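Colleague: Got start-v2.tsv for you, TSV, C-alpha atoms and all ligand atoms:
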```
chain	number	residue	atom	x	y	z
A	183	MET	CA	0.00	0.00	0.00
A	184	LYS	CA	1.19	3.53	-0.75
A	185	ILE	CA	0.80	6.03	2.06
A	186	THR	CA	1.43	9.77	1.95
A	187	VAL	CA	1.69	11.61	5.26
A	188	ILE	CA	1.41	15.37	5.70
A	189	ASN	CA	2.70	16.36	9.12
A	190	GLY	CA	1.39	19.75	10.27
A	191	THR	CA	4.42	20.26	12.48
A	192	GLU	CA	8.12	19.42	12.21
A	193	LYS	CA	8.33	18.85	15.95
A	194	HIS	CA	8.95	15.30	17.16
A	195	GLY	CA	6.42	15.76	19.95
A	196	VAL	CA	3.09	14.21	20.86
A	197	THR	CA	1.56	14.52	17.38
A	198	TYR	CA	4.63	12.84	15.90
A	199	ARG	CA	4.49	9.97	18.42
A	200	MET	CA	0.82	9.36	17.70
A	201	LYS	CA	1.44	9.33	13.97
A	202	GLU	CA	4.33	6.88	14.47
A	203	ILE	CA	2.08	4.50	16.46
A	204	PHE	CA	-0.43	4.60	13.60
A	205	LEU	CA	2.23	4.05	10.90
A	206	GLU	CA	3.94	1.24	12.84
A	207	GLN	CA	1.11	-1.01	11.70
A	208	PHE	CA	2.01	-0.43	8.04
A	209	ARG	CA	5.80	-0.47	8.18
A	210	GLY	CA	7.43	-3.32	6.29
A	211	ASN	CA	4.59	-3.79	3.83
A	212	SER	CA	3.91	-0.22	2.69
A	213	ASP	CA	5.62	2.51	0.77
A	214	ILE	CA	5.43	5.58	3.03
A	215	THR	CA	6.26	9.14	1.92
A	216	GLU	CA	6.22	11.87	4.53
A	217	TYR	CA	6.22	15.65	4.34
A	218	TYR	CA	6.93	17.83	7.36
A	219	LEU	CA	5.48	21.32	7.34
A	220	PRO	CA	6.59	24.05	7.00
A	221	LYS	CA	9.99	22.60	5.91
A	222	ASP	CA	8.71	20.56	2.94
A	223	GLY	CA	5.74	22.70	2.05
A	224	PRO	CA	4.96	25.79	0.00
A	225	GLY	CA	5.00	29.34	1.29
A	226	PHE	CA	1.82	31.35	1.74
A	227	CYS	CA	-0.66	31.63	-1.12
A	228	MET	CA	-0.39	35.17	-2.53
A	229	GLY	CA	-3.84	35.09	-4.14
A	230	CYS	CA	-2.66	35.35	-7.76
A	231	THR	CA	-5.44	32.81	-8.67
A	232	ALA	CA	-3.34	31.32	-11.50
A	233	CYS	CA	-4.06	27.82	-10.17
A	234	PHE	CA	-7.81	28.40	-10.34
A	235	ARG	CA	-7.42	29.74	-13.87
A	236	ASN	CA	-5.99	26.43	-15.09
A	237	ASN	CA	-2.33	27.30	-14.65
A	238	GLN	CA	-1.19	25.75	-11.37
A	239	ASN	CA	2.37	25.58	-12.68
A	240	SER	CA	2.77	29.32	-12.64
A	241	CYS	CA	2.29	29.48	-8.84
A	242	LYS	CA	5.44	30.84	-7.20
A	243	ASP	CA	5.42	27.66	-5.07
A	244	ALA	CA	4.55	25.24	-7.90
A	245	GLU	CA	7.61	23.07	-7.31
A	246	GLN	CA	6.65	22.18	-3.71
A	247	VAL	CA	2.89	22.11	-4.36
A	248	GLN	CA	3.14	19.83	-7.38
A	249	LYS	CA	5.56	17.48	-5.65
A	250	ILE	CA	3.08	17.06	-2.79
A	251	GLU	CA	0.15	16.74	-5.17
A	252	LYS	CA	1.88	13.93	-7.09
A	253	SER	CA	2.41	12.03	-3.81
A	254	LEU	CA	-1.19	12.59	-2.76
A	255	LEU	CA	-2.55	11.38	-6.08
A	256	GLU	CA	-0.36	8.27	-6.14
A	257	ALA	CA	-1.18	7.17	-2.58
A	258	ASP	CA	-3.89	4.71	-1.49
A	259	LEU	CA	-4.07	6.17	2.01
A	260	LEU	CA	-3.53	9.80	3.02
A	261	VAL	CA	-2.62	10.74	6.59
A	262	PHE	CA	-2.78	14.31	7.91
A	263	THR	CA	-1.65	15.28	11.40
A	264	SER	CA	-1.81	18.46	13.43
A	265	PRO	CA	-1.74	19.62	17.02
A	266	ALA	CA	-4.44	22.18	17.86
A	267	TYR	CA	-3.00	25.66	17.68
A	268	VAL	CA	-5.56	28.10	19.11
A	269	PHE	CA	-8.37	25.67	18.19
A	270	HIS	CA	-7.21	25.19	14.61
A	271	ALA	CA	-4.74	23.35	12.38
A	272	THR	CA	-1.21	24.73	12.39
A	273	GLY	CA	-0.58	27.74	10.18
A	274	ALA	CA	1.77	25.59	8.10
A	275	MET	CA	-1.03	23.10	7.40
A	276	LYS	CA	-3.45	25.89	6.47
A	277	ALA	CA	-0.80	27.45	4.20
A	278	MET	CA	-0.47	24.14	2.36
A	279	LEU	CA	-4.20	23.49	2.10
A	280	ASP	CA	-4.79	26.96	0.61
A	281	HIS	CA	-2.64	25.92	-2.34
A	282	PHE	CA	-5.07	23.10	-3.14
A	283	GLY	CA	-8.13	25.32	-3.41
A	284	TYR	CA	-8.08	24.68	-7.15
A	285	ARG	CA	-8.73	20.98	-6.47
A	286	TRP	CA	-12.03	21.69	-4.66
A	287	MET	CA	-15.13	20.20	-6.29
A	288	PRO	CA	-16.44	23.44	-7.88
A	289	HIS	CA	-13.05	23.98	-9.57
A	290	ARG	CA	-10.85	21.15	-10.97
A	291	PRO	CA	-11.14	18.11	-8.71
A	292	ALA	CA	-8.75	15.24	-9.42
A	293	ARG	CA	-10.56	12.00	-10.26
A	294	GLU	CA	-7.89	10.01	-8.35
A	295	MET	CA	-9.14	11.50	-5.07
A	296	PHE	CA	-12.62	10.03	-5.27
A	297	GLY	CA	-11.71	6.49	-4.21
A	298	LYS	CA	-9.10	7.36	-1.61
A	299	ARG	CA	-9.10	6.83	2.12
A	300	ALA	CA	-7.79	9.42	4.53
A	301	VAL	CA	-7.00	9.59	8.23
A	302	ILE	CA	-6.71	12.79	10.24
A	303	ILE	CA	-4.84	12.63	13.56
A	304	THR	CA	-5.14	15.62	15.89
A	305	GLN	CA	-4.50	16.23	19.56
A	306	CYS	CA	-4.79	19.11	21.97
A	307	LEU	CA	-4.22	19.86	25.62
A	308	GLY	CA	-7.87	20.39	26.53
A	309	ALA	CA	-10.02	21.73	23.70
A	310	GLY	CA	-9.82	22.37	19.98
A	311	GLY	CA	-8.78	18.97	18.63
A	312	LYS	CA	-12.07	18.45	16.81
A	313	SER	CA	-12.12	21.91	15.20
A	314	THR	CA	-8.51	21.28	14.16
A	315	ALA	CA	-9.54	18.05	12.45
A	316	LYS	CA	-12.45	19.84	10.78
A	317	ASP	CA	-10.06	22.41	9.25
A	318	ILE	CA	-8.36	19.54	7.44
A	319	LYS	CA	-11.51	17.54	6.76
A	320	ASP	CA	-13.13	20.50	4.97
A	321	SER	CA	-10.41	20.39	2.32
A	322	LEU	CA	-10.31	16.61	2.01
A	323	SER	CA	-14.10	16.39	1.57
A	324	TRP	CA	-14.11	19.14	-1.02
A	325	TRP	CA	-11.26	17.39	-2.87
A	326	GLY	CA	-13.73	14.52	-3.25
A	327	ILE	CA	-12.33	11.98	-0.76
A	328	SER	CA	-15.19	9.77	0.36
A	329	THR	CA	-13.68	7.90	3.34
A	330	ILE	CA	-12.23	10.21	5.98
A	331	LYS	CA	-11.58	8.96	9.51
A	332	ILE	CA	-10.74	11.31	12.36
A	333	VAL	CA	-8.93	10.38	15.53
A	334	SER	CA	-8.57	13.21	18.02
A	335	PHE	CA	-7.09	13.14	21.50
A	336	LYS	CA	-7.18	15.34	24.58
A	337	LEU	CA	-4.01	15.15	26.64
A	338	MET	CA	-5.63	16.93	29.63
A	339	SER	CA	-2.63	17.46	31.89
A	340	GLU	CA	0.72	17.07	30.19
A	341	ILE	CA	1.98	17.94	26.69
A	342	ASP	CA	5.42	16.33	27.02
A	343	TRP	CA	5.18	12.76	25.67
A	344	ASN	CA	7.78	11.48	28.13
A	345	LYS	CA	5.73	12.71	31.06
A	346	ILE	CA	2.35	11.35	29.94
A	347	GLU	CA	1.16	8.45	32.11
A	348	ASP	CA	1.60	4.98	30.61
A	349	LYS	CA	-2.08	4.23	31.11
A	350	ARG	CA	-3.00	7.26	29.03
A	351	LYS	CA	-0.47	6.38	26.32
A	352	ALA	CA	-1.93	2.86	26.21
A	353	SER	CA	-5.40	4.27	25.49
A	354	PHE	CA	-4.00	6.41	22.64
A	355	GLN	CA	-2.21	3.35	21.28
A	356	LYS	CA	-5.32	1.19	21.38
A	357	LYS	CA	-7.34	3.72	19.37
A	358	LEU	CA	-4.60	4.34	16.82
A	359	LYS	CA	-3.84	0.66	16.28
A	360	THR	CA	-7.53	-0.19	15.89
A	361	LEU	CA	-7.93	2.52	13.28
A	362	ALA	CA	-4.78	1.37	11.44
A	363	ARG	CA	-6.12	-2.17	11.26
A	364	LYS	CA	-9.44	-0.93	9.87
A	365	MET	CA	-7.69	1.08	7.19
B	401	LIG	C1	0.72	27.94	19.58
B	401	LIG	C2	0.02	26.85	20.30
B	401	LIG	C3	-1.35	26.90	20.44
B	401	LIG	C4	-2.03	25.89	21.12
B	401	LIG	N1	-3.38	25.96	21.22
B	401	LIG	C5	-4.07	25.00	21.86
B	401	LIG	C6	-5.49	25.06	21.97
B	401	LIG	O1	-6.16	25.95	21.43
B	401	LIG	N2	-6.11	24.09	22.68
B	401	LIG	C7	-5.42	23.08	23.30
B	401	LIG	O2	-6.05	22.26	23.96
B	401	LIG	N3	-4.08	22.96	23.16
B	401	LIG	C8	-3.37	23.89	22.47
B	401	LIG	N4	-2.01	23.78	22.33
B	401	LIG	C9	-1.35	22.52	22.74
B	401	LIG	C10	-1.16	21.63	21.50
B	401	LIG	O3	-2.39	21.35	20.87
B	401	LIG	C11	-0.45	20.29	21.77
B	401	LIG	O4	-1.16	19.51	22.67
B	401	LIG	C12	0.97	20.46	22.25
B	401	LIG	O5	1.62	21.49	21.55
B	401	LIG	C13	1.76	19.17	22.14
B	401	LIG	O6	1.80	18.69	20.82
B	401	LIG	P1	3.15	18.54	19.98
B	401	LIG	O7	4.14	17.91	20.94
B	401	LIG	O8	2.83	17.66	18.85
B	401	LIG	O9	3.60	19.91	19.58
B	401	LIG	C14	-1.32	24.78	21.68
B	401	LIG	C15	0.08	24.73	21.51
B	401	LIG	C16	0.74	25.74	20.84
B	401	LIG	C17	2.24	25.65	20.66
```
Can the structure from this file be put into structure tokens for me?
Modeller:
Amino acid sequence: MKITVINGTEKHGVTYRMKEIFLEQFRGNSDITEYYLPKDGPGFCMGCTACFRNNQNSCKDAEQVQKIEKSLLEADLLVFTSPAYVFHATGAMKAMLDHFGYRWMPHRPAREMFGKRAVIITQCLGAGGKSTAKDIKDSLSWWGISTIKIVSFKLMSEIDWNKIEDKRKASFQKKLKTLARKM
């Protein structure tokens, strides 16, 4: 199976650990390509609208955007991750998603998206994980992806992975592994 992962943060923190638990189930029998934002992503959309007007290659960030798009289109499973930053996806994730506005259903959707499966992994300290997932889901749905699963966690007391209680980590693991098996 081909998997493309878009990480909404470069940090090897809680979001990263959760994503690793999920991917563990696929390692060894899958071809996994990962992008870490903002490092591997485009800059901010400047609103030139060239992409909407059928010329996505004249975007100032076409090189990064088209590289990511190729990976997304070739994958069987798409994975998006983000911590909640003030109730929303990271700015880096939003900056990337803006560049795919031209792939929304009213514009030029890519046929390859229609049969894909996607997983969104978000987490927050206390509140905002679900609205963070929705930020990402809005784009994925409007790209035409029919199967989108969300897994969202609340840490509640501690945001340092090494200090999170084992019992709590075990409950995250159970959910993530179950979802991986389903996918
Ligand atoms: C800028 C910023 C904003 C955050 N906003 C929220 C928030 O609105 N709600 C919340 O529960 N946690 C918030 N957090 C905590 C994160 O969602 C997350 O739990 C924490 O950063 C650990 O994840 P990480 O190790 O993957 O970075 C915020 C963290 C940062 C750095």
Colleague: Could you give me, as a PyMOL selection string, the residues within 8 Å of Ile303 of chain A, counting all atoms listed in the file and dropping anything in the same chain fewer than 6 positions from it?
Modeller: chain A and resi 197+200-201+261-264+315+332-334
Colleague: Go through A:Arg363, A:Arg290, A:Lys316, A:Lys336 one by one, measure the shortest atom-to-atom distance of each to ligand LIG 401 (chain B) using only C-alpha atoms and all ligand atoms, and give the residue with the smallest value.
Modeller: A:Lys336
Colleague: Please report as a Markdown table every residue of chain A lying within 7 Å of ligand LIG 401 (chain B), along with the nearest atom pair and their distance in Å (one decimal), using only C-alpha atoms and all ligand atoms.
Modeller:
```
| residue | atom | partner | partner_atom | distance |
| --- | --- | --- | --- | --- |
| A:Lys193 | CA | B:LIG401 | O9 | 6.1 |
| A:His194 | CA | B:LIG401 | O7 | 6.7 |
| A:Gly195 | CA | B:LIG401 | O7 | 3.3 |
| A:Val196 | CA | B:LIG401 | O7 | 3.8 |
| A:Thr197 | CA | B:LIG401 | O8 | 3.7 |
| A:Tyr198 | CA | B:LIG401 | O8 | 5.9 |
| A:Pro265 | CA | B:LIG401 | O3 | 4.3 |
| A:Ala266 | CA | B:LIG401 | O3 | 3.7 |
| A:Tyr267 | CA | B:LIG401 | C3 | 3.4 |
| A:Val268 | CA | B:LIG401 | O1 | 3.2 |
| A:Phe269 | CA | B:LIG401 | O1 | 3.9 |
| A:His270 | CA | B:LIG401 | O1 | 6.9 |
| A:Gln305 | CA | B:LIG401 | O4 | 5.6 |
| A:Cys306 | CA | B:LIG401 | O3 | 3.5 |
| A:Leu307 | CA | B:LIG401 | O2 | 3.4 |
| A:Gly308 | CA | B:LIG401 | O2 | 3.7 |
| A:Ala309 | CA | B:LIG401 | O2 | 4.0 |
| A:Gly310 | CA | B:LIG401 | N2 | 4.9 |
| A:Gly311 | CA | B:LIG401 | O2 | 6.8 |
| A:Leu337 | CA | B:LIG401 | O4 | 6.5 |
| A:Ile341 | CA | B:LIG401 | C13 | 4.7 |
| A:Asp342 | CA | B:LIG401 | O7 | 6.4 |
```
Colleague: Counting all atoms listed in the file, what is within 12 Å of Gln246 of chain A, bar same-chain residues fewer than 3 positions away, as a list in words?
Modeller: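 The filter keeps Tyr217, Tyr218, Leu219, Pro220, Lys221, Asp222, Gly223, Pro224, Gly225, Phe226, Gln238, Asn239, Cys241, Lys242, Asp243, Lys249, Ile250, Glu251, Lys252, Ser253, Met278, His281 and Phe282 of chain A.
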Colleague: If we count only C-alpha atoms, what is near Phe204 of chain A at a cut-off of 10 Å, once residues fewer than 5 positions away on the same chain are taken out, given as a PyMOL selection string?
Modeller: chain A and resi 198-199+209+261+301+303+354-363
Colleague: Measuring between all atoms listed in the file, which one of A:Cys227, A:Ile327, A:Leu260, A:Ala244 shows the shortest distance to Ala277 of chain A?
Modeller: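 The closest residue to Ala277 of chain A is A:Cys227.
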Colleague: Residues near Asp258 of chain A, anyone? I mean within 9 Å using all atoms listed in the file, not counting same-chain ones fewer than 3 positions away, as a PDB file with C-alpha atoms, in the frame of the given file.
Modeller:
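The resulting file, part.pdb, is shown below:
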```pdb
ATOM      1  CA  MET A 183       0.000   0.000   0.000  1.00  0.00           C
ATOM      2  CA  LYS A 184       1.190   3.530  -0.750  1.00  0.00           C
ATOM      3  CA  ILE A 185       0.800   6.030   2.060  1.00  0.00           C
ATOM      4  CA  THR A 186       1.430   9.770   1.950  1.00  0.00           C
ATOM      5  CA  LEU A 254      -1.190  12.590  -2.760  1.00  0.00           C
ATOM      6  CA  LEU A 255      -2.550  11.380  -6.080  1.00  0.00           C
ATOM      7  CA  GLY A 297     -11.710   6.490  -4.210  1.00  0.00           C
ATOM      8  CA  LYS A 298      -9.100   7.360  -1.610  1.00  0.00           C
ATOM      9  CA  ARG A 299      -9.100   6.830   2.120  1.00  0.00           C
ATOM     10  CA  ALA A 300      -7.790   9.420   4.530  1.00  0.00           C
TER      11      ALA A 300
END
```
Colleague: So the first atom is atom CA of Glu206 of chain A and the second is atom CA of Ile318 of chain A; what is the distance between them in Å, to one decimal place?
Modeller: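 Result for atom CA of Glu206 of chain A versus atom CA of Ile318 of chain A: 22.7 Å, one decimal.
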Colleague: For Arg235 of chain A, which residue among A:Ser323, A:His289, A:Ser328, A:Lys349 is the nearest when counting all atoms listed in the file?
Modeller: A:His289
